[in-house]
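Dumped run.cif below, it's mmCIF, C-alpha atoms:
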```cif
data_run
loop_
_atom_site.label_atom_id
_atom_site.label_comp_id
_atom_site.auth_asym_id
_atom_site.auth_seq_id
_atom_site.Cartn_x
_atom_site.Cartn_y
_atom_site.Cartn_z
CA MET A 1 -28.85 -23.00 -53.86
CA ASP A 2 -27.56 -20.41 -51.41
CA GLU A 3 -27.83 -16.63 -51.03
CA THR A 4 -25.12 -16.00 -53.61
CA ASP A 5 -27.00 -18.06 -56.20
CA ILE A 6 -30.23 -16.23 -55.39
CA TYR A 7 -28.49 -12.86 -55.75
CA ILE A 8 -27.07 -13.83 -59.14
CA LEU A 9 -30.49 -15.04 -60.29
CA ARG A 10 -32.20 -11.84 -59.14
CA GLU A 11 -29.76 -9.65 -61.02
CA LEU A 12 -30.13 -11.71 -64.19
CA VAL A 13 -33.92 -11.77 -64.00
CA LYS A 14 -33.87 -7.96 -63.93
CA ASP A 15 -31.56 -7.82 -66.93
CA GLY A 16 -30.45 -11.00 -68.67
CA GLN A 17 -27.38 -9.24 -70.00
CA THR A 18 -25.98 -8.01 -66.66
CA PRO A 19 -22.21 -8.55 -66.83
CA LEU A 20 -21.12 -11.21 -64.35
CA LEU A 21 -18.22 -8.92 -63.49
CA SER A 22 -20.55 -6.25 -62.11
CA ILE A 23 -22.39 -8.87 -60.05
CA ALA A 24 -19.04 -10.02 -58.66
CA LYS A 25 -18.13 -6.45 -57.72
CA LYS A 26 -21.43 -5.89 -55.92
CA LEU A 27 -21.04 -9.13 -53.99
CA GLY A 28 -17.36 -8.54 -53.32
CA ILE A 29 -16.39 -11.95 -54.64
CA SER A 30 -14.23 -13.01 -57.55
CA PRO A 31 -15.63 -12.96 -61.10
CA GLU A 32 -14.49 -16.57 -61.46
CA THR A 33 -16.77 -17.60 -58.57
CA VAL A 34 -19.74 -15.88 -60.19
CA ARG A 35 -18.96 -17.52 -63.51
CA THR A 36 -18.75 -20.95 -61.87
CA ARG A 37 -22.04 -20.38 -60.07
CA TYR A 38 -23.76 -19.22 -63.27
CA ARG A 39 -22.51 -22.26 -65.17
CA LYS A 40 -23.73 -24.53 -62.40
CA LEU A 41 -27.20 -22.93 -62.38
CA LYS A 42 -27.43 -23.45 -66.11
CA LYS A 43 -26.08 -26.97 -66.02
CA GLU A 44 -28.53 -28.16 -63.38
CA ARG A 45 -31.24 -26.30 -65.30
CA THR A 46 -32.26 -23.93 -62.52
CA ILE A 47 -31.96 -21.44 -65.38
CA THR A 48 -33.83 -22.99 -68.28
CA HIS A 49 -33.61 -20.14 -70.79
CA ALA A 50 -32.06 -16.72 -71.09
CA SER A 51 -33.72 -14.78 -73.86
CA VAL A 52 -34.63 -11.39 -75.22
CA THR A 53 -38.23 -10.25 -75.02
CA ILE A 54 -39.31 -9.15 -78.48
CA ASP A 55 -42.25 -6.97 -79.47
CA LEU A 56 -43.73 -9.06 -82.26
CA SER A 57 -45.91 -6.20 -83.48
CA LYS A 58 -42.72 -4.89 -85.10
CA PHE A 59 -42.75 -8.00 -87.27
CA GLY A 60 -46.34 -7.87 -88.39
CA TYR A 61 -47.89 -9.99 -85.66
CA GLN A 62 -51.12 -8.88 -84.03
CA GLY A 63 -51.42 -11.23 -81.13
CA LYS A 64 -51.04 -14.76 -79.88
CA VAL A 65 -53.30 -17.74 -80.13
CA PHE A 66 -53.79 -20.49 -77.59
CA LEU A 67 -54.44 -23.68 -79.53
CA MET A 68 -56.35 -26.04 -77.28
CA ILE A 69 -56.46 -29.58 -78.46
CA THR A 70 -58.40 -32.69 -77.64
CA ASN A 71 -56.60 -35.84 -78.66
CA ALA A 72 -58.44 -38.64 -80.43
CA PRO A 73 -59.05 -41.77 -78.37
CA ASN A 74 -56.59 -44.60 -79.13
CA HIS A 75 -54.01 -42.14 -80.36
CA ASP A 76 -50.77 -41.61 -78.52
CA LYS A 77 -50.64 -38.05 -77.17
CA SER A 78 -46.87 -37.93 -77.39
CA LYS A 79 -47.08 -38.64 -81.13
CA THR A 80 -49.44 -35.70 -81.56
CA ILE A 81 -46.99 -33.50 -79.65
CA GLU A 82 -44.09 -34.71 -81.80
CA ALA A 83 -46.05 -33.84 -84.95
CA MET A 84 -46.92 -30.42 -83.58
CA LYS A 85 -43.27 -29.67 -82.85
CA LYS A 86 -42.73 -29.56 -86.61
CA ILE A 87 -45.24 -26.75 -87.09
CA ARG A 88 -43.61 -23.36 -87.58
CA ASN A 89 -44.31 -20.66 -84.98
CA ILE A 90 -45.52 -22.87 -82.12
CA PHE A 91 -43.14 -21.81 -79.36
CA ILE A 92 -44.67 -23.21 -76.18
CA MET A 93 -46.52 -26.48 -75.99
CA GLY A 94 -47.36 -29.09 -73.44
CA GLU A 95 -49.67 -31.74 -72.14
CA VAL A 96 -52.45 -30.60 -69.81
CA ILE A 97 -55.38 -32.12 -67.98
CA GLY A 98 -58.67 -30.30 -67.72
CA ASP A 99 -60.80 -28.83 -70.49
CA PHE A 100 -58.19 -29.96 -73.03
CA GLU A 101 -55.28 -32.34 -73.42
CA ILE A 102 -52.65 -30.29 -75.22
CA ILE A 103 -52.13 -26.53 -75.24
CA ALA A 104 -49.85 -24.78 -77.73
CA ILE A 105 -49.10 -21.09 -78.15
CA ALA A 106 -48.18 -19.33 -81.39
CA PRO A 107 -48.16 -15.73 -82.65
CA ILE A 108 -50.55 -14.79 -85.43
CA LYS A 109 -50.43 -12.25 -88.21
CA ASP A 110 -53.96 -12.34 -89.56
CA MET A 111 -57.03 -14.49 -90.12
CA VAL A 112 -55.42 -16.34 -93.05
CA SER A 113 -52.34 -17.39 -91.07
CA LEU A 114 -54.54 -18.43 -88.15
CA LYS A 115 -56.67 -20.62 -90.37
CA GLU A 116 -53.59 -22.21 -91.96
CA LEU A 117 -52.18 -22.96 -88.54
CA VAL A 118 -55.41 -24.52 -87.28
CA ASN A 119 -55.74 -26.59 -90.46
CA LYS A 120 -52.18 -27.90 -90.13
CA ILE A 121 -52.98 -29.11 -86.63
CA LYS A 122 -56.25 -30.67 -87.72
CA GLU A 123 -54.33 -32.68 -90.33
CA ILE A 124 -52.47 -34.54 -87.57
CA PRO A 125 -54.12 -37.98 -87.24
CA GLY A 126 -54.23 -37.91 -83.43
CA VAL A 127 -56.02 -34.57 -83.24
CA ASN A 128 -59.73 -34.80 -82.57
CA GLN A 129 -60.64 -31.17 -81.99
CA VAL A 130 -58.94 -27.76 -81.94
CA GLU A 131 -60.36 -24.79 -80.08
CA ILE A 132 -58.79 -21.37 -79.97
CA THR A 133 -58.47 -18.36 -77.70
CA LEU A 134 -56.86 -15.16 -78.97
CA ILE A 135 -55.08 -12.47 -77.01
CA ASN A 136 -53.67 -9.28 -78.48
CA ASP A 137 -50.45 -9.28 -76.46
CA THR A 138 -47.42 -9.21 -78.78
CA ALA A 139 -44.65 -9.62 -76.22
CA PHE A 140 -42.59 -12.69 -77.02
CA PRO A 141 -42.19 -15.10 -75.30
CA VAL A 142 -44.16 -13.64 -72.37
CA ASN A 143 -44.92 -10.21 -71.01
CA THR A 144 -43.55 -10.87 -67.56
CA ARG A 145 -40.31 -11.29 -65.79
CA PHE A 146 -41.14 -14.72 -64.44
CA GLY A 147 -38.51 -14.73 -61.76
CA ASP A 148 -39.70 -11.48 -60.17
CA LEU A 149 -42.46 -13.49 -58.57
CA PHE A 150 -40.43 -15.73 -56.42
CA ILE A 151 -36.70 -15.23 -56.58
CA MET B 1 -59.42 -10.54 -92.83
CA TRP B 2 -58.70 -8.46 -89.78
CA THR B 3 -56.95 -5.21 -90.09
CA LYS B 4 -54.58 -4.49 -87.27
CA SER B 5 -56.73 -1.75 -85.80
CA SER B 6 -59.97 -3.69 -85.97
CA PHE B 7 -58.32 -6.69 -84.36
CA LEU B 8 -56.84 -4.58 -81.61
CA ALA B 9 -60.14 -2.87 -81.09
CA SER B 10 -62.00 -6.13 -80.93
CA VAL B 11 -59.88 -7.46 -78.11
CA ARG B 12 -59.87 -5.41 -74.96
CA SER B 13 -56.66 -6.21 -73.33
CA TYR B 14 -55.59 -5.58 -69.83
CA LYS B 15 -52.27 -6.63 -68.58
CA LYS B 16 -52.26 -6.91 -64.89
CA ARG B 17 -48.63 -6.75 -64.01
CA LEU B 18 -48.86 -6.73 -60.29
CA ILE B 19 -45.21 -7.42 -60.02
CA TYR B 20 -44.51 -4.03 -61.49
CA GLU B 21 -46.90 -2.23 -59.17
CA GLY B 22 -45.65 1.26 -58.55
CA GLU B 23 -42.91 1.17 -61.12
CA GLN B 24 -42.97 1.29 -64.85
CA SER B 25 -42.63 -2.08 -66.49
CA PRO B 26 -39.37 -2.41 -68.38
CA PHE B 27 -41.37 -4.32 -70.97
CA GLU B 28 -43.84 -1.51 -71.47
CA GLN B 29 -44.71 -1.62 -75.12
CA THR B 30 -43.87 1.30 -77.31
CA ASP B 31 -46.30 2.50 -79.95
CA MET B 32 -47.58 -0.79 -81.29
CA ASP B 33 -48.74 0.48 -84.64
CA SER B 34 -45.44 1.87 -85.81
CA GLU B 35 -43.29 -0.60 -87.68
CA VAL B 36 -39.65 0.15 -88.27
CA GLU B 37 -37.17 -0.90 -90.85
CA LEU B 38 -35.43 -4.03 -89.70
CA ASP B 39 -33.31 -6.00 -92.13
CA GLU B 40 -32.12 -9.59 -92.36
CA ILE B 41 -29.07 -8.94 -90.20
CA ASP B 42 -31.28 -7.52 -87.42
CA VAL B 43 -33.36 -10.68 -87.61
CA GLN B 44 -30.22 -12.82 -87.48
CA ILE B 45 -29.07 -10.97 -84.36
CA LEU B 46 -32.48 -11.46 -82.73
CA TYR B 47 -32.37 -15.22 -83.35
CA ALA B 48 -28.92 -15.36 -81.74
CA LEU B 49 -30.30 -13.50 -78.70
CA ILE B 50 -33.37 -15.74 -78.52
CA ARG B 51 -31.07 -18.78 -78.37
CA ASP B 52 -28.97 -17.24 -75.61
CA VAL B 53 -29.19 -13.64 -74.55
CA ARG B 54 -25.74 -13.91 -72.96
CA ILE B 55 -24.01 -14.79 -76.22
CA LYS B 56 -20.83 -12.77 -76.72
CA LEU B 57 -20.97 -9.89 -79.21
CA LYS B 58 -17.88 -11.39 -80.83
CA GLU B 59 -19.76 -14.57 -81.65
CA ILE B 60 -22.75 -12.77 -83.15
CA ALA B 61 -20.34 -10.60 -85.11
CA LYS B 62 -18.65 -13.66 -86.57
CA GLU B 63 -22.01 -15.17 -87.54
CA CYS B 64 -23.19 -12.00 -89.26
CA GLY B 65 -19.90 -10.87 -90.76
CA LEU B 66 -19.89 -7.62 -88.80
CA THR B 67 -17.62 -6.05 -86.23
CA PRO B 68 -18.63 -6.45 -82.56
CA ASN B 69 -19.10 -2.69 -82.43
CA ALA B 70 -21.56 -2.81 -85.35
CA VAL B 71 -23.49 -5.60 -83.59
CA PHE B 72 -23.59 -3.53 -80.41
CA LYS B 73 -25.02 -0.58 -82.35
CA ARG B 74 -27.65 -2.74 -83.98
CA ILE B 75 -28.75 -4.21 -80.64
CA LYS B 76 -29.00 -0.70 -79.27
CA HIS B 77 -31.10 0.29 -82.30
CA LEU B 78 -33.37 -2.74 -81.79
CA LYS B 79 -33.89 -1.62 -78.20
CA ASP B 80 -34.44 2.03 -79.19
CA VAL B 81 -37.18 1.18 -81.68
CA GLY B 82 -38.84 -1.15 -79.20
CA ALA B 83 -38.26 -4.40 -81.07
CA ILE B 84 -36.31 -5.65 -78.03
CA MET B 85 -38.43 -4.98 -74.96
CA GLY B 86 -36.08 -6.44 -72.40
CA THR B 87 -33.90 -9.38 -71.51
CA THR B 88 -34.52 -11.88 -68.78
CA LEU B 89 -33.97 -15.45 -67.79
CA TYR B 90 -36.48 -18.16 -67.16
CA PRO B 91 -35.92 -20.17 -63.99
CA ASP B 92 -37.24 -23.65 -63.40
CA THR B 93 -40.24 -22.69 -61.30
CA ARG B 94 -40.49 -26.12 -59.67
CA LYS B 95 -37.15 -25.57 -57.96
CA PHE B 96 -38.80 -22.68 -56.10
CA GLY B 97 -41.72 -24.75 -54.91
CA PHE B 98 -44.17 -23.87 -57.68
CA THR B 99 -45.09 -27.39 -58.63
CA THR B 100 -48.43 -26.67 -60.29
CA ALA B 101 -48.82 -24.56 -63.43
CA ALA B 102 -52.28 -23.95 -64.85
CA THR B 103 -53.94 -22.16 -67.73
CA VAL B 104 -57.25 -20.96 -66.36
CA GLY B 105 -59.99 -19.74 -68.70
CA VAL B 106 -63.05 -17.84 -67.57
CA ASN B 107 -66.31 -17.16 -69.39
CA LEU B 108 -68.16 -14.24 -67.93
CA ASP B 109 -70.82 -11.60 -68.02
CA TYR B 110 -69.04 -8.98 -70.10
CA THR B 111 -70.27 -6.04 -68.02
CA GLN B 112 -68.41 -7.47 -65.03
CA GLU B 113 -65.10 -8.16 -66.74
CA ASP B 114 -63.13 -5.43 -64.96
CA ASP B 115 -64.40 -6.54 -61.59
CA ILE B 116 -63.51 -10.18 -62.27
CA MET B 117 -60.02 -9.20 -63.44
CA GLU B 118 -59.53 -7.30 -60.20
CA LEU B 119 -60.67 -10.35 -58.26
CA ILE B 120 -58.26 -12.70 -60.06
CA SER B 121 -55.37 -10.28 -59.66
CA GLY B 122 -56.05 -9.98 -55.94
CA LEU B 123 -56.36 -13.71 -55.43
CA THR B 124 -53.20 -14.54 -57.30
CA LYS B 125 -50.83 -11.78 -56.26
CA THR B 126 -47.77 -13.95 -56.05
CA ASN B 127 -48.83 -16.55 -58.58
CA LEU B 128 -50.03 -14.76 -61.66
CA ILE B 129 -47.85 -14.83 -64.73
CA GLU B 130 -50.29 -13.50 -67.29
CA LEU B 131 -53.89 -12.34 -67.35
CA SER B 132 -55.42 -11.20 -70.61
CA SER B 133 -58.81 -10.42 -71.99
CA SER B 134 -59.31 -12.85 -74.86
CA ILE B 135 -61.70 -13.91 -77.58
CA GLY B 136 -62.67 -17.46 -78.52
CA LYS B 137 -63.08 -20.31 -76.11
CA TYR B 138 -62.40 -18.17 -73.05
CA ASP B 139 -63.19 -14.50 -72.32
CA LEU B 140 -60.30 -14.22 -69.88
CA THR B 141 -57.17 -16.32 -69.95
CA ALA B 142 -54.76 -16.53 -67.02
CA PHE B 143 -51.58 -18.46 -66.49
CA MET B 144 -50.72 -19.09 -62.87
CA LEU B 145 -48.26 -20.98 -60.73
CA THR B 146 -49.17 -22.47 -57.38
CA LYS B 147 -47.39 -24.51 -54.76
CA SER B 148 -50.04 -27.23 -54.65
CA ILE B 149 -53.23 -28.45 -56.27
CA GLN B 150 -55.04 -27.36 -53.11
CA GLU B 151 -53.84 -23.80 -53.53
CA LEU B 152 -54.97 -23.80 -57.17
CA ASP B 153 -58.31 -25.22 -56.09
CA ARG B 154 -58.78 -22.45 -53.49
CA ILE B 155 -58.14 -19.82 -56.15
CA THR B 156 -60.46 -21.33 -58.75
CA GLN B 157 -63.23 -21.88 -56.19
CA ALA B 158 -63.06 -18.22 -55.23
CA ILE B 159 -63.26 -17.14 -58.89
CA ARG B 160 -66.21 -19.48 -59.44
CA LYS B 161 -68.14 -17.78 -56.63
CA HIS B 162 -68.21 -14.42 -58.42
CA PRO B 163 -71.76 -13.87 -59.75
CA GLY B 164 -70.43 -12.63 -63.11
CA VAL B 165 -68.52 -15.85 -63.78
CA LYS B 166 -70.44 -18.22 -66.03
CA ARG B 167 -67.85 -20.93 -66.40
CA ILE B 168 -64.28 -21.61 -65.43
CA GLY B 169 -61.97 -23.99 -67.25
CA VAL B 170 -58.83 -25.24 -65.58
CA ASN B 171 -56.00 -26.84 -67.51
CA ILE B 172 -53.14 -28.12 -65.39
CA TRP B 173 -49.81 -28.60 -67.12
CA VAL B 174 -48.83 -32.18 -66.38
CA SER B 175 -45.25 -32.00 -67.53
CA GLU B 176 -42.57 -29.44 -68.19
CA PRO B 177 -43.78 -27.42 -71.19
CA HIS B 178 -41.82 -27.80 -74.38
CA PHE B 179 -40.18 -24.45 -75.15
CA HIS B 180 -39.12 -23.86 -78.72
CA PHE B 181 -38.50 -20.13 -78.88
CA GLU B 182 -36.36 -20.35 -82.02
CA ASN B 183 -39.34 -21.75 -83.91
CA ILE B 184 -40.77 -18.27 -84.18
CA GLU B 185 -40.80 -16.80 -87.68
CA LEU B 186 -39.23 -13.34 -87.90
CA GLN B 187 -38.85 -11.61 -91.22
CA PRO B 188 -37.38 -8.25 -92.13
CA ALA B 189 -40.02 -5.62 -91.58
CA ARG B 190 -40.51 -2.25 -93.20
CA VAL B 191 -42.20 0.95 -92.19
#
```
When written as structure tokens, how does the structure in this file appear?
Amino acid sequence: MDETDIYILRELVKDGQTPLLSIAKKLGISPETVRTRYRKLKKERTITHASVTIDLSKFGYQGKVFLMITNAPNHDKSKTIEAMKKIRNIFIMGEVIGDFEIIAIAPIKDMVSLKELVNKIKEIPGVNQVEITLINDTAFPVNTRFGDLFI
Amino acid sequence: MWTKSSFLASVRSYKKRLIYEGEQSPFEQTDMDSEVELDEIDVQILYALIRDVRIKLKEIAKECGLTPNAVFKRIKHLKDVGAIMGTTLYPDTRKFGFTTAATVGVNLDYTQEDDIMELISGLTKTNLIELSSSIGKYDLTAFMLTKSIQELDRITQAIRKHPGVKRIGVNIWVSEPHFHFENIELQPARV
């Protein structure tokens, strides 16, 4: 990664739809070079996702829930994760160590949908316990431009 | 069942966006209680943009059976009504030295919540992704990135020392989180 890559990343963090042509103009290099660099950054997964940020309140959601799971002893954690991948609306999930073993994040509409979601997770054989924390932020996926922190 | 207003009222939310200090956040939410009319085609466009925000208008147009110009207008409308708050990319944070990601939960004396939020924001200036007031297991939930376990430990020890903090729970992400943004359920919404 060199200064050109960093510049391209910075511009795209600010606005994911910045035309590569305008980046090329600002840098005074050819659009083809910028395109090649962008493809490389994606291919080596320096850029993992490029997405819109959506206000989920426009679609009836009131917040997000952190589902914090303790796995049952003698059950493979990766199997629990595989089963959870099939549950609609979970959009971030991963293995953690600390208070819990798996954390998943999903948006919620109301109490009924929250209860359904928790019950679905409890039905998975490897799940021992589910605890929840609710936040009322409706920005999807997150309310931050990640890259602003360090690029 | 919660109504929207009672739910919103029950959760005091602060979003400490230090990175936007001094400027208005481009993701500033518009009036949260106003829903707008968004049809199935709008939803289809949003899914395309969730998959890849750099998708060509031509491709979305083909998928939806519209002209590229019509797609452009719809995207503009989605931005105008606040359904699209912004566009960004997500870099692999480890490639920038942030090897440790943690979800940190704090249980606290409610009267000192503001003070504790200030403390966390100050301690984590360059590490804090999200900090929200929450209900349930934790009273405050933060997601932070650090360059080492030691750095995370320094931050959590400092939070622990605050007299209003009753308990702190640290959950360190041990592997790359699984992102499945397209798994979100969006349906046409009416006013």
Query raised in the report: Of the candidates A:Asn128, A:Gly94, A:Asn74, A:Lys120, which shows the shortest atom-to-atom distance to Val174 of chain B, using all atoms listed in the file?
Result: A:Gly94
Where does chain A meet chain B within 6 Å, residue by residue, with the nearest atom pair and distance in Å to one decimal for each, counting only C-alpha atoms, listed by chain and rising number, as CSV?
```
residue,atom,partner,partner_atom,distance
A:Val13,CA,B:Thr88,CA,4.8
A:Asp15,CA,B:Thr88,CA,5.4
A:Gly16,CA,B:Thr88,CA,4.2
A:Gln17,CA,B:Arg54,CA,5.8
A:Thr46,CA,B:Asp92,CA,5.1
A:Ile47,CA,B:Pro91,CA,4.4
A:Thr48,CA,B:Pro91,CA,5.5
A:His49,CA,B:Tyr90,CA,5.0
A:Ala50,CA,B:Leu89,CA,4.0
A:Ser51,CA,B:Val53,CA,4.7
A:Val52,CA,B:Thr87,CA,4.3
A:Thr53,CA,B:Gly86,CA,5.1
A:Ile54,CA,B:Ile84,CA,4.6
A:Asp55,CA,B:Ala83,CA,5.0
A:Lys58,CA,B:Glu35,CA,5.0
A:Phe59,CA,B:Ala189,CA,5.6
A:Arg88,CA,B:Asn183,CA,5.9
A:Asn89,CA,B:Ile184,CA,4.3
A:Phe91,CA,B:His180,CA,4.6
A:Ile92,CA,B:Phe179,CA,4.8
A:Met93,CA,B:His178,CA,5.1
A:Gly94,CA,B:Pro177,CA,4.5
A:Glu95,CA,B:Val174,CA,5.8
A:Val96,CA,B:Trp173,CA,4.3
A:Ile97,CA,B:Ile172,CA,5.3
A:Gly98,CA,B:Asn171,CA,4.4
A:Asp99,CA,B:Gly169,CA,5.9
A:Met111,CA,B:Met1,CA,5.4
A:Ile132,CA,B:Gly136,CA,5.7
A:Thr133,CA,B:Gly136,CA,4.4
A:Leu134,CA,B:Ile135,CA,5.2
A:Ile135,CA,B:Ser134,CA,4.8
A:Leu149,CA,B:Thr126,CA,5.9
```
**Report entry** Distance in Å - atom CA of Arg10 of chain A versus atom CA of Phe143 of chain B
**Finding:** 21.8 Å
Query raised in the report: So which one's closest to Lys64 of chain A, A:Thr4, A:Thr138, A:Thr144, A:Asn119? Using all atoms listed in the file, please.
Result: A:Thr138
**Report entry** Pick from A:Leu56, A:Ala24, A:Ile29, A:Gln62, whichever lies nearest to Ser113 of chain A using all atoms listed in the file
**Finding:** A:Gln62
**Report entry** Coordinates-based distance that separates atom CA of Glu3 of chain A from atom CA of Ile23 of chain A (Å, one decimal)
**Finding:** 13.1 Å
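Using all atoms listed in the file, the protein and nucleic acid residues lying no more than 12 Å from Cys64 of chain B, apart from those fewer than 4 places from it along its own chain, are Glu40, Ile41, Asp42, Val43, Gln44, Ile45, Leu46, Tyr47, Ala48, Leu57, Lys58, Glu59, Ile60, Pro68, Ala70, Val71 and Arg74 of chain B.
For the choices A:Met1, A:Val142, A:Ala106, A:Ile124, the atom-to-atom distance to Thr80 of chain A is smallest for A:Ile124 when using all atoms listed in the file.
Nearest-residue note for Asn107 of chain B: choosing from B:Gly164, B:Lys147, B:Gln157, B:Asp39, the minimum distance belongs to B:Gly164, counting all atoms listed in the file.
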Could I get segment 32-49 of chain A rebuilt with N, CA and C atoms, written as a PDB file, in the coordinates of the input?
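So result27.pdb came out as:
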```pdb
ATOM      1  N   GLU A  32     -14.560 -15.136 -61.144  1.00  0.00           N
ATOM      2  CA  GLU A  32     -14.490 -16.570 -61.460  1.00  0.00           C
ATOM      3  C   GLU A  32     -15.541 -17.340 -60.669  1.00  0.00           C
ATOM      4  N   THR A  33     -15.751 -16.948 -59.397  1.00  0.00           N
ATOM      5  CA  THR A  33     -16.770 -17.600 -58.570  1.00  0.00           C
ATOM      6  C   THR A  33     -18.155 -17.403 -59.170  1.00  0.00           C
ATOM      7  N   VAL A  34     -18.426 -16.162 -59.608  1.00  0.00           N
ATOM      8  CA  VAL A  34     -19.740 -15.880 -60.190  1.00  0.00           C
ATOM      9  C   VAL A  34     -19.935 -16.701 -61.464  1.00  0.00           C
ATOM     10  N   ARG A  35     -18.875 -16.749 -62.269  1.00  0.00           N
ATOM     11  CA  ARG A  35     -18.960 -17.520 -63.510  1.00  0.00           C
ATOM     12  C   ARG A  35     -19.243 -18.992 -63.231  1.00  0.00           C
ATOM     13  N   THR A  36     -18.544 -19.544 -62.238  1.00  0.00           N
ATOM     14  CA  THR A  36     -18.750 -20.950 -61.870  1.00  0.00           C
ATOM     15  C   THR A  36     -20.182 -21.179 -61.409  1.00  0.00           C
ATOM     16  N   ARG A  37     -20.661 -20.255 -60.570  1.00  0.00           N
ATOM     17  CA  ARG A  37     -22.040 -20.380 -60.070  1.00  0.00           C
ATOM     18  C   ARG A  37     -23.039 -20.324 -61.224  1.00  0.00           C
ATOM     19  N   TYR A  38     -22.839 -19.372 -62.145  1.00  0.00           N
ATOM     20  CA  TYR A  38     -23.760 -19.220 -63.270  1.00  0.00           C
ATOM     21  C   TYR A  38     -23.785 -20.502 -64.122  1.00  0.00           C
ATOM     22  N   ARG A  39     -22.584 -21.024 -64.375  1.00  0.00           N
ATOM     23  CA  ARG A  39     -22.510 -22.260 -65.170  1.00  0.00           C
ATOM     24  C   ARG A  39     -23.243 -23.399 -64.479  1.00  0.00           C
ATOM     25  N   LYS A  40     -23.080 -23.468 -63.170  1.00  0.00           N
ATOM     26  CA  LYS A  40     -23.730 -24.530 -62.400  1.00  0.00           C
ATOM     27  C   LYS A  40     -25.255 -24.395 -62.491  1.00  0.00           C
ATOM     28  N   LEU A  41     -25.754 -23.164 -62.324  1.00  0.00           N
ATOM     29  CA  LEU A  41     -27.200 -22.930 -62.380  1.00  0.00           C
ATOM     30  C   LEU A  41     -27.774 -23.309 -63.742  1.00  0.00           C
ATOM     31  N   LYS A  42     -26.967 -23.081 -64.775  1.00  0.00           N
ATOM     32  CA  LYS A  42     -27.430 -23.450 -66.110  1.00  0.00           C
ATOM     33  C   LYS A  42     -27.382 -24.959 -66.307  1.00  0.00           C
ATOM     34  N   LYS A  43     -26.293 -25.544 -65.809  1.00  0.00           N
ATOM     35  CA  LYS A  43     -26.080 -26.970 -66.020  1.00  0.00           C
ATOM     36  C   LYS A  43     -27.157 -27.790 -65.318  1.00  0.00           C
ATOM     37  N   GLU A  44     -27.487 -27.406 -64.092  1.00  0.00           N
ATOM     38  CA  GLU A  44     -28.530 -28.160 -63.380  1.00  0.00           C
ATOM     39  C   GLU A  44     -29.930 -27.668 -63.748  1.00  0.00           C
ATOM     40  N   ARG A  45     -29.993 -26.811 -64.726  1.00  0.00           N
ATOM     41  CA  ARG A  45     -31.240 -26.300 -65.300  1.00  0.00           C
ATOM     42  C   ARG A  45     -32.129 -25.548 -64.294  1.00  0.00           C
ATOM     43  N   THR A  46     -31.493 -24.871 -63.339  1.00  0.00           N
ATOM     44  CA  THR A  46     -32.260 -23.930 -62.520  1.00  0.00           C
ATOM     45  C   THR A  46     -32.613 -22.746 -63.430  1.00  0.00           C
ATOM     46  N   ILE A  47     -31.678 -22.400 -64.311  1.00  0.00           N
ATOM     47  CA  ILE A  47     -31.960 -21.440 -65.380  1.00  0.00           C
ATOM     48  C   ILE A  47     -32.266 -22.265 -66.616  1.00  0.00           C
ATOM     49  N   THR A  48     -33.494 -22.173 -67.107  1.00  0.00           N
ATOM     50  CA  THR A  48     -33.830 -22.990 -68.280  1.00  0.00           C
ATOM     51  C   THR A  48     -33.571 -22.239 -69.579  1.00  0.00           C
ATOM     52  N   HIS A  49     -33.842 -20.945 -69.591  1.00  0.00           N
ATOM     53  CA  HIS A  49     -33.610 -20.140 -70.790  1.00  0.00           C
ATOM     54  C   HIS A  49     -33.152 -18.752 -70.386  1.00  0.00           C
TER      55      HIS A  49
END
```
